[in-house]
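Worksheet: the structure to be examined is printed underneath.
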Amino acid sequence: MLGEIEPFGFTRAELPSHAAASDCIVTAAIFHRLLKTEGVTFALMKQWSAEPALFTVMNFGKHAGTRYDQIPADYLEWMIKQHDMDESKKFSARYWLDKRAEK
């Protein structure tokens, strides 16, 4: 999916970065590809879009640039307890702590 080379037949040269039309074409290609994936439904994609974003790399603080799965558990637990922390960051911290517990 992320390796879509020519979405809907458009070459990369025809899709300038950060242009609205290009972004729409690439997004539509991803959407189209997802709908063709077994087990993925419109309802499931709608559910995904209602959830907070899941981050893989910390983008702030002393662990900026570090993958969430490599951040100390006590720091992730601290993040979750912060009342003013962005919900997507707290969601990501919970997700990565839960992943560790599964192992």
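Each chain in the structure tokens gets a letter, A, B, ..., in the order shown, and its residues are numbered from 1; ligands are numbered from 1 in order too.
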
| Got a sec: who's within 10 Å of segment 7-20 of chain A, counting only C-alpha atoms, leaving out chain neighbours fewer than 6 positions off, as an NGL selection string? | :A and (26-30 or 32-33)

Within 12 Å of segment 46-54 of chain A using only C-alpha atoms, minus same-chain residues under 6 positions, as an mmCIF file with N, CA and C atoms, in the first residue's frame:
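Ended up saving to part.cif:
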```cif
data_model
loop_
_atom_site.group_PDB
_atom_site.id
_atom_site.type_symbol
_atom_site.label_atom_id
_atom_site.label_comp_id
_atom_site.auth_asym_id
_atom_site.auth_seq_id
_atom_site.Cartn_x
_atom_site.Cartn_y
_atom_site.Cartn_z
ATOM 1 N N PHE A 31 -7.124 4.729 -0.103
ATOM 2 C CA PHE A 31 -8.491 4.342 0.243
ATOM 3 C C PHE A 31 -8.965 3.188 -0.639
ATOM 4 N N LEU A 34 -7.163 -0.021 0.298
ATOM 5 C CA LEU A 34 -7.662 -0.565 1.558
ATOM 6 C C LEU A 34 -8.986 -1.298 1.363
ATOM 7 N N LEU A 35 -9.880 -0.715 0.562
ATOM 8 C CA LEU A 35 -11.176 -1.346 0.332
ATOM 9 C C LEU A 35 -11.055 -2.693 -0.364
ATOM 10 N N VAL A 40 -11.188 -5.610 5.372
ATOM 11 C CA VAL A 40 -11.303 -4.166 5.581
ATOM 12 C C VAL A 40 -12.598 -3.687 4.946
ATOM 13 N N ARG A 67 11.933 5.652 18.936
ATOM 14 C CA ARG A 67 10.738 4.837 18.699
ATOM 15 C C ARG A 67 10.023 4.580 20.024
ATOM 16 N N TYR A 68 8.704 4.594 20.006
ATOM 17 C CA TYR A 68 7.921 4.369 21.228
ATOM 18 C C TYR A 68 8.267 3.032 21.879
ATOM 19 N N ASP A 86 -1.666 15.534 24.776
ATOM 20 C CA ASP A 86 -2.460 15.259 23.577
ATOM 21 C C ASP A 86 -2.967 13.819 23.611
ATOM 22 N N GLU A 87 -4.237 13.621 23.257
ATOM 23 C CA GLU A 87 -4.854 12.296 23.337
ATOM 24 C C GLU A 87 -4.159 11.263 22.451
ATOM 25 N N SER A 88 -3.659 11.671 21.286
ATOM 26 C CA SER A 88 -2.959 10.727 20.414
ATOM 27 C C SER A 88 -1.649 10.257 21.037
ATOM 28 N N LYS A 89 -0.973 11.142 21.746
ATOM 29 C CA LYS A 89 0.271 10.741 22.415
ATOM 30 C C LYS A 89 -0.029 9.776 23.554
ATOM 31 N N LYS A 90 -1.089 10.031 24.318
ATOM 32 C CA LYS A 90 -1.475 9.124 25.400
ATOM 33 C C LYS A 90 -1.931 7.769 24.835
ATOM 34 N N PHE A 91 -2.691 7.807 23.752
ATOM 35 C CA PHE A 91 -3.131 6.582 23.079
ATOM 36 C C PHE A 91 -1.929 5.752 22.645
ATOM 37 N N SER A 92 -0.947 6.428 22.057
ATOM 38 C CA SER A 92 0.265 5.739 21.591
ATOM 39 C C SER A 92 1.036 5.147 22.751
ATOM 40 N N ALA A 93 1.156 5.894 23.842
ATOM 41 C CA ALA A 93 1.867 5.386 25.021
ATOM 42 C C ALA A 93 1.171 4.140 25.559
ATOM 43 N N ARG A 94 -0.167 4.163 25.652
ATOM 44 C CA ARG A 94 -0.921 2.992 26.127
ATOM 45 C C ARG A 94 -0.716 1.799 25.186
ATOM 46 N N TYR A 95 -0.806 2.070 23.884
ATOM 47 C CA TYR A 95 -0.657 1.003 22.889
ATOM 48 C C TYR A 95 0.699 0.308 23.036
ATOM 49 N N TRP A 96 1.767 1.089 23.114
ATOM 50 C CA TRP A 96 3.100 0.495 23.166
ATOM 51 C C TRP A 96 3.367 -0.190 24.497
#
```

| Spatial neighbours of Lys62 of chain A, max dist 12 Å, only C-alpha atoms, sep filter under 3 positions, as a PyMOL selection string | chain A and resi 58-59+65-66+71-72+75

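Among the candidate residues A:Met45, A:Leu97, A:Val57, A:Cys24, the one lying nearest to Glu77 of chain A is A:Leu97, with distances computed using only C-alpha atoms.
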
| Nearest to Thr56 of chain A: which of A:Leu44, A:Ala101, A:Gln70, A:Met79 is it, counting only C-alpha atoms? | A:Gln70
